[in-house]
Each structure stands twice: as structure tokens, then as C-alpha cells.
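Undergrad: The structure that follows is given in the form of C-alpha cells.
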Amino acid sequence: YDKAIIRDNMIITANMLVETAYSVNGVAEIHSDIIKKETFKEFSTKFPNKFKNCTNGIEGRKWLLSDSEELTSLIDKCIGEDWKYDFRRLKSFEQFADNQWVHEQFANIKLQYKRELADYIKETKNIEVDPYAMFLTHTKRLHAYKRQSMVILGILNIYHDLLENPFKDVSKKVFIFSAKSASGYRFAKNVIKIINEVANMVNNDPRIEDKLKVVFLENYNVTVAEKIIKGTDVSIQCPTAGQEASGTGNMKYMMLGALTHGTLDGANVEIHDFVGDDNMYLFGLRLEEVNTLNQQRYNAWDSYHREMRVQRVFEDLVNGFIPNIYFEGKEVYYEILNNDVYYVTKDLPMYLNSLQHIDEDWRNQDLWYSKVITNIAQSGFFDNIRLIEDYCDKVWMI
């Protein structure tokens, strides 16, 4: 029955395609496993050799060689130019992970990119941000499972901490969002409204002395991405485990020198395989834990009452703390707490703790740049040349 092509007088298109296709592949390791073990379990038992994995890739020649000439030049000076013909040769760059001169050169390049992004933010949003601050970025389609809602709740927690202790010694942070929502997607539009109202509140509060800024850049497209990705220090990739097929933004950020702050989902799994625990910031439920919770009756109100930080930031959505979001805040509040299918309340405390870890590491710039150089060096796997070879070998047989 699970393999039926015609069911209840309907054609099950996915089943028809899997039955008739020569090859079926997922676009990341975890995605391919879900396809084989869950989505098309019956088919993968019947046709085990049909199912494969081809992890997505990005065009390194565009994002690095063309758009980031200064970083390309630095890599050339360290390891020559042969890597441009096979990005997997970028691995040689890792030998410079602890090189002081490389750290200084990269810091200057990143500062230049951040100044360009800061100028763009000033020009388009009339918001002044400090290029020496830590730039943390979430740029994706606006969707509940991608959890922009969790990131804005994390910002509210930082804001409360600063209001309670204005002299707290913390790193300056700029959180940058850019996203589009489907035209009829009410939840997504509510989250956009909340992000912008939080930005208006935080950015104009003299009590926190510019230690925290929030920016939402409209009309996310390639031109905007070119500016944001180069200028980012921390790439936030936080979908609920098991929801993201692969992501490609995470690969671009990695290649251009941002550290990943995210869940073990999509291509974050492969990024973790290459750089390990020490060179990215993982948090949140693993896929097995999500599957266990899916089989139970998870009650978000339990997490809400158990964790004061969670309770405080959710209350902000409905108690008037954030101006101009009475209806939007109320809808997001009840939608998440009454039916938290993406486990925002469960992962939020871990997300907040991970932010603290990032803040501590940022203060040790040698440690930070060592992590960055390691990420750049290991990013070559995600270039499209490897992806095309995968399809040639596994799918097209050419």
C-alpha cells in the first residue's frame, strides 16, 4: 500500500516517479537517509541500489574567485593557484590555521567586507552598525521550520540581559536577517513584523549603548546575498533536525569565512564531518531525539514553565513589551506554544547557551581565526565540481 501509485482515486506522483526512475537521490547525507529509511522505506527495500546520495554544491568560482578577490588572493599567496581547478585542494590552506600573518591578513579582508555591508545597511535602512561588532546572520526563506522565530527570541534574551546589567562586558553584536515569505503565509509575515519591531525598539534604545543591533534587509536575492555572506562572522543555520534537505547558504558562508552556528541537519552534518565540534557551534535536538518526541505528545508549555528565559521572551510577544505587534505577537505566541511541531521551546535554551559560548570565543581572535581558516580549507568538498562528478559517477554513469 505504501508503494501504491494509484490510491483513493488519486495518482501518488512521488511513488510513480520513484517506481519508474533509474536513480533516486537525496541532496545531503541526512536527507538521503530520511528518504531511504522513512519517506520511501518500502521502495528502498525493494530497490536498494536505486537510492543514492549526492550532497548539494555551490559555485565556488563565483562566490570565492569572482566575488571575493581579496580572500582568493590571500589563499593564492599561501598555497599557490592549483586549487582553483579543484577546490578540494583548498585543504592545503589548513596548514595556515595558526599562522599569525594569515590571521592578520584575513582580519583586514573581513573588516573590509563588513564595512561594505555596514555601508549598504546605512544606505538602505538608515541604521548605523559597527563593523568591528560580531555580525550574526540568518538569511533563508521565512518558514516556521527554519526558526527565525527562535533567533528573534534569542535577541530578546540578550536585550533583557543588557537592560538588567548595562555595564555587562559582552561583545557587540549585529543580527542580520534577510528573507522572503510566501504571499499567503501568515505566520511568516507575523515573524517579519516582529523582527522589524524588535529592530526599531533595540536600535533606538540608548540604554544599551549600541551593544546590540538588529537589521532586516528586504528583497533577499543574489545581489543582497553577495554583500551579506562576505560580511558575516557567524552563519545561523538552525532548522529543526530532519527538516532541511541540505541548504547551500551554509556552504557559501563556510567558504567565505563564517563559522556555523546551527543544528545537526542538512549539510551541517557534512560540515561537522569535515571541521568537527571545535570549529562550529552545534546545539539542539538530534534527529533521533526529534523522532522520539514525534512519537510522544510533546507539550511546549512544560518547557515554557521550566525555563525562566524561555518564559520571559515568549511573554514579550503578548505583554506590550514590543510595540506595535499586538495581533502578530499573539498569533506567534499561541501557534508555537499550543503546537510546537518544530520544537522551538525545546531547543531555545540550548541556543542561548551556545550564543554565550560564541561570545567567549570571539574575544580570543587567534582562536577565532584558526577556526575560520579551518572552515575555509575544508569547504572545497562543497564546490559544484565535486557535485557534478558525483552525478556522473552515481546517477548518469558517464
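In the C-alpha cells, chains take letters A, B, ... by order of appearance, with residues numbered from 1 within each chain and ligands from 1 in the order shown.
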Which residues are near A:Asn338? Cut-off 8 Å, only C-alpha atoms, ignore same chain within fewer than 4 positions. Put them as number ranges by chain.
TA: A: 299-301, 334
Undergrad: Which neighbours of A:Thr45 fall inside 12 Å, counting only C-alpha atoms, when residues of the same chain fewer than 5 positions from it are skipped, and could you give them as a list in words?
TA: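 My list of contacting residues is Asp2, Lys3, Ile35, Lys36, Lys37, Glu38, Thr39, Phe40, Lys50 and Phe51 of chain A.
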Undergrad: Can you list every residue in stretch 184-266 of chain A that DSSP puts in strand (DSSP E), as an MDAnalysis selection string?
TA: chainID A and resid 212:217 234:237 259:262
Undergrad: Let me make sure I understand: among A:Glu360, A:Glu19, A:Glu288, A:Asp130, which one has the smallest atom-to-atom distance to A:Leu111 if we use only C-alpha atoms?
TA: A:Asp130
Undergrad: Pick out the closest residue to A:Val191 from this set: A:Phe283, A:Tyr159, A:Tyr132, A:Phe327. Count only C-alpha atoms.
TA: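 Using only C-alpha atoms, A:Val191 sits closest to A:Phe327.
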Undergrad: Give me the residues near A:Lys211 as a list in words, where near means some atom within 10 Å (using only C-alpha atoms) and where sequence neighbours in that chain fewer than 4 positions away do not count.
TA: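 Surrounding residues, per the criterion: Val129, Asp130, Ala133, Ile158, Tyr159, Leu162, Pro166, Lys168, Asp169, Val170, Ser171, Lys172, Lys173, Val174, Val202, Asn203, Pro206 and Arg207 of chain A.
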Undergrad: For the residues in that selection, give me C-alpha atoms as a short mmCIF file (atom, residue, chain, number, x, y, z; two decimals), in the first residue's frame.
TA:
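The result, stored in out14.cif:
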data_model
loop_
_atom_site.label_atom_id
_atom_site.label_comp_id
_atom_site.auth_asym_id
_atom_site.auth_seq_id
_atom_site.Cartn_x
_atom_site.Cartn_y
_atom_site.Cartn_z
CA VAL A 129 26.26 49.38 12.66
CA ASP A 130 29.81 49.00 13.93
CA ALA A 133 31.00 44.15 16.07
CA ILE A 158 20.27 39.35 25.06
CA TYR A 159 18.34 42.63 25.19
CA LEU A 162 21.73 44.26 28.74
CA PRO A 166 24.08 47.86 31.14
CA LYS A 168 27.95 43.84 31.36
CA ASP A 169 31.13 43.06 29.46
CA VAL A 170 29.81 41.46 26.27
CA SER A 171 30.81 41.59 22.64
CA LYS A 172 28.93 43.96 20.38
CA LYS A 173 26.56 42.06 18.13
CA VAL A 174 24.69 42.86 14.93
CA VAL A 202 16.55 47.80 20.18
CA ASN A 203 18.30 50.06 17.70
CA PRO A 206 20.34 54.48 24.29
CA ARG A 207 20.47 52.38 27.47
#
Undergrad: List every residue of stretch 305-382 of chain A that DSSP, applied to the backbone of this structure, places in helix (DSSP H, G or I), and write the result as a PyMOL selection string.
TA: chain A and resi 305-306+308-315+326-338+344-362+365-382
Undergrad: State, in Å with one decimal place, the distance from atom CA of A:Ile236 to atom CA of A:Trp83.
TA: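 Distance reported for this atom pair: 27.7 Å.
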Undergrad: Stretch 219-221 of chain A: which residues within 7 Å, counting only C-alpha atoms, same-chain residues fewer than 2 positions away excluded, as a PyMOL selection string?
TA: chain A and resi 178-180+217+223-225
Undergrad: I'd like to know which of A:Leu212, A:Val395, A:Ile322, A:Ile75 is closest to A:Glu128, using only C-alpha atoms.
TA: A:Leu212
Undergrad: Each residue of stretch 46-68 of chain A lying at most 8 Å from stretch 381-392 of chain A should get a row with its shortest atom-to-atom pair and the distance in Å to one decimal, counting only C-alpha atoms; could you produce that, ordered by chain and increasing number, as JSON lines?
TA:
{"residue": "A:Cys54", "atom": "CA", "partner": "A:Asp390", "partner_atom": "CA", "distance": 6.1}
{"residue": "A:Thr55", "atom": "CA", "partner": "A:Leu387", "partner_atom": "CA", "distance": 6.8}
{"residue": "A:Asn56", "atom": "CA", "partner": "A:Leu387", "partner_atom": "CA", "distance": 6.4}
{"residue": "A:Gly57", "atom": "CA", "partner": "A:Asn384", "partner_atom": "CA", "distance": 4.6}
{"residue": "A:Ile58", "atom": "CA", "partner": "A:Asp383", "partner_atom": "CA", "distance": 5.1}
{"residue": "A:Glu59", "atom": "CA", "partner": "A:Asn384", "partner_atom": "CA", "distance": 5.5}
{"residue": "A:Gly60", "atom": "CA", "partner": "A:Asp383", "partner_atom": "CA", "distance": 5.4}
Undergrad: A:Gly249, A:Gly26, A:Gly262, A:Gly154: which is nearest A:Val222, counting only C-alpha atoms?
TA: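 Closest candidate: A:Gly249.
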Undergrad: Would you work out the distance separating atom CA of A:Ile194 from atom CA of A:Leu352, expressed in Å to one decimal?
TA: 19.0 Å
Undergrad: Quick check, in Å to one decimal: how far apart do atom CA of A:Asn353 and atom CA of A:Glu270 lie?
TA: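 Atom CA of A:Glu270 lies 23.2 Å from atom CA of A:Asn353.
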Undergrad: Please provide the set of residues having any atom within 8 Å of A:Ala241, restricted to only C-alpha atoms, with same-chain residues fewer than 6 positions apart removed, written as JSON, numbers by chain.
TA: {"A": [263, 264, 265, 266, 285, 286, 287, 290]}
Undergrad: Write out as a ChimeraX atom specification each polymer residue whose atoms come within 12 Å of A:Asn108, counting only C-alpha atoms; drop sequence neighbours fewer than 3 positions from it.
TA: /A:70-71,74,101-105,111-115,131-132,231,369
Undergrad: Print the selection's residues with N, CA, C and O atoms to a file, as an mmCIF file, in the first residue's frame.
TA:
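Writing done, so here's part34.cif:
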data_model
loop_
_atom_site.group_PDB
_atom_site.id
_atom_site.type_symbol
_atom_site.label_atom_id
_atom_site.label_comp_id
_atom_site.auth_asym_id
_atom_site.auth_seq_id
_atom_site.Cartn_x
_atom_site.Cartn_y
_atom_site.Cartn_z
ATOM 1 N N GLU A 70 39.837 39.439 -2.779
ATOM 2 C CA GLU A 70 40.860 39.661 -1.753
ATOM 3 C C GLU A 70 41.159 38.364 -0.997
ATOM 4 O O GLU A 70 42.330 38.045 -0.737
ATOM 5 N N LEU A 71 40.111 37.618 -0.661
ATOM 6 C CA LEU A 71 40.316 36.338 0.019
ATOM 7 C C LEU A 71 40.990 35.343 -0.916
ATOM 8 O O LEU A 71 41.883 34.586 -0.508
ATOM 9 N N LEU A 74 44.678 36.027 -0.962
ATOM 10 C CA LEU A 74 45.354 35.553 0.243
ATOM 11 C C LEU A 74 45.624 34.048 0.150
ATOM 12 O O LEU A 74 46.719 33.578 0.474
ATOM 13 N N TRP A 101 50.358 35.761 10.638
ATOM 14 C CA TRP A 101 50.284 36.666 9.486
ATOM 15 C C TRP A 101 48.986 36.439 8.711
ATOM 16 O O TRP A 101 48.320 37.401 8.307
ATOM 17 N N VAL A 102 48.616 35.188 8.523
ATOM 18 C CA VAL A 102 47.369 34.874 7.813
ATOM 19 C C VAL A 102 46.169 35.403 8.598
ATOM 20 O O VAL A 102 45.227 35.952 8.018
ATOM 21 N N HIS A 103 46.223 35.271 9.919
ATOM 22 C CA HIS A 103 45.145 35.810 10.743
ATOM 23 C C HIS A 103 44.978 37.312 10.506
ATOM 24 O O HIS A 103 43.860 37.814 10.344
ATOM 25 N N GLU A 104 46.100 38.015 10.524
ATOM 26 C CA GLU A 104 46.041 39.471 10.354
ATOM 27 C C GLU A 104 45.517 39.849 8.976
ATOM 28 O O GLU A 104 44.696 40.774 8.840
ATOM 29 N N GLN A 105 45.976 39.133 7.955
ATOM 30 C CA GLN A 105 45.516 39.429 6.601
ATOM 31 C C GLN A 105 44.023 39.145 6.453
ATOM 32 O O GLN A 105 43.286 39.933 5.862
ATOM 33 N N LEU A 111 37.202 42.731 7.654
ATOM 34 C CA LEU A 111 36.792 44.076 8.064
ATOM 35 C C LEU A 111 36.372 44.910 6.856
ATOM 36 O O LEU A 111 35.385 45.659 6.917
ATOM 37 N N GLN A 112 37.089 44.773 5.755
ATOM 38 C CA GLN A 112 36.707 45.482 4.525
ATOM 39 C C GLN A 112 35.314 45.055 4.065
ATOM 40 O O GLN A 112 34.470 45.894 3.732
ATOM 41 N N TYR A 113 35.051 43.742 4.077
ATOM 42 C CA TYR A 113 33.744 43.236 3.657
ATOM 43 C C TYR A 113 32.635 43.710 4.604
ATOM 44 O O TYR A 113 31.518 44.026 4.173
ATOM 45 N N LYS A 114 32.951 43.756 5.902
ATOM 46 C CA LYS A 114 31.953 44.191 6.874
ATOM 47 C C LYS A 114 31.671 45.688 6.742
ATOM 48 O O LYS A 114 30.521 46.130 6.933
ATOM 49 N N ARG A 115 32.689 46.447 6.401
ATOM 50 C CA ARG A 115 32.453 47.884 6.161
ATOM 51 C C ARG A 115 31.554 48.091 4.952
ATOM 52 O O ARG A 115 30.673 48.967 4.955
ATOM 53 N N PRO A 131 31.296 48.040 12.209
ATOM 54 C CA PRO A 131 31.916 46.907 11.504
ATOM 55 C C PRO A 131 32.845 46.072 12.387
ATOM 56 O O PRO A 131 33.198 44.955 12.013
ATOM 57 N N TYR A 132 33.213 46.592 13.556
ATOM 58 C CA TYR A 132 34.037 45.815 14.473
ATOM 59 C C TYR A 132 33.194 44.890 15.363
ATOM 60 O O TYR A 132 33.742 44.065 16.089
ATOM 61 N N GLY A 231 30.303 39.541 4.507
ATOM 62 C CA GLY A 231 30.479 40.331 5.715
ATOM 63 C C GLY A 231 30.070 39.638 6.996
ATOM 64 O O GLY A 231 30.044 40.271 8.057
ATOM 65 N N TYR A 369 40.114 33.004 14.430
ATOM 66 C CA TYR A 369 40.610 32.942 13.057
ATOM 67 C C TYR A 369 41.190 31.577 12.722
ATOM 68 O O TYR A 369 41.179 31.158 11.563
#
Undergrad: Under the rule that only C-alpha atoms are counted, which of A:Asp161, A:Asp8, A:Glu29, A:Glu331 is the nearest residue to A:Ala188?
TA: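 Among the listed residues, A:Glu331 lies closest to A:Ala188.
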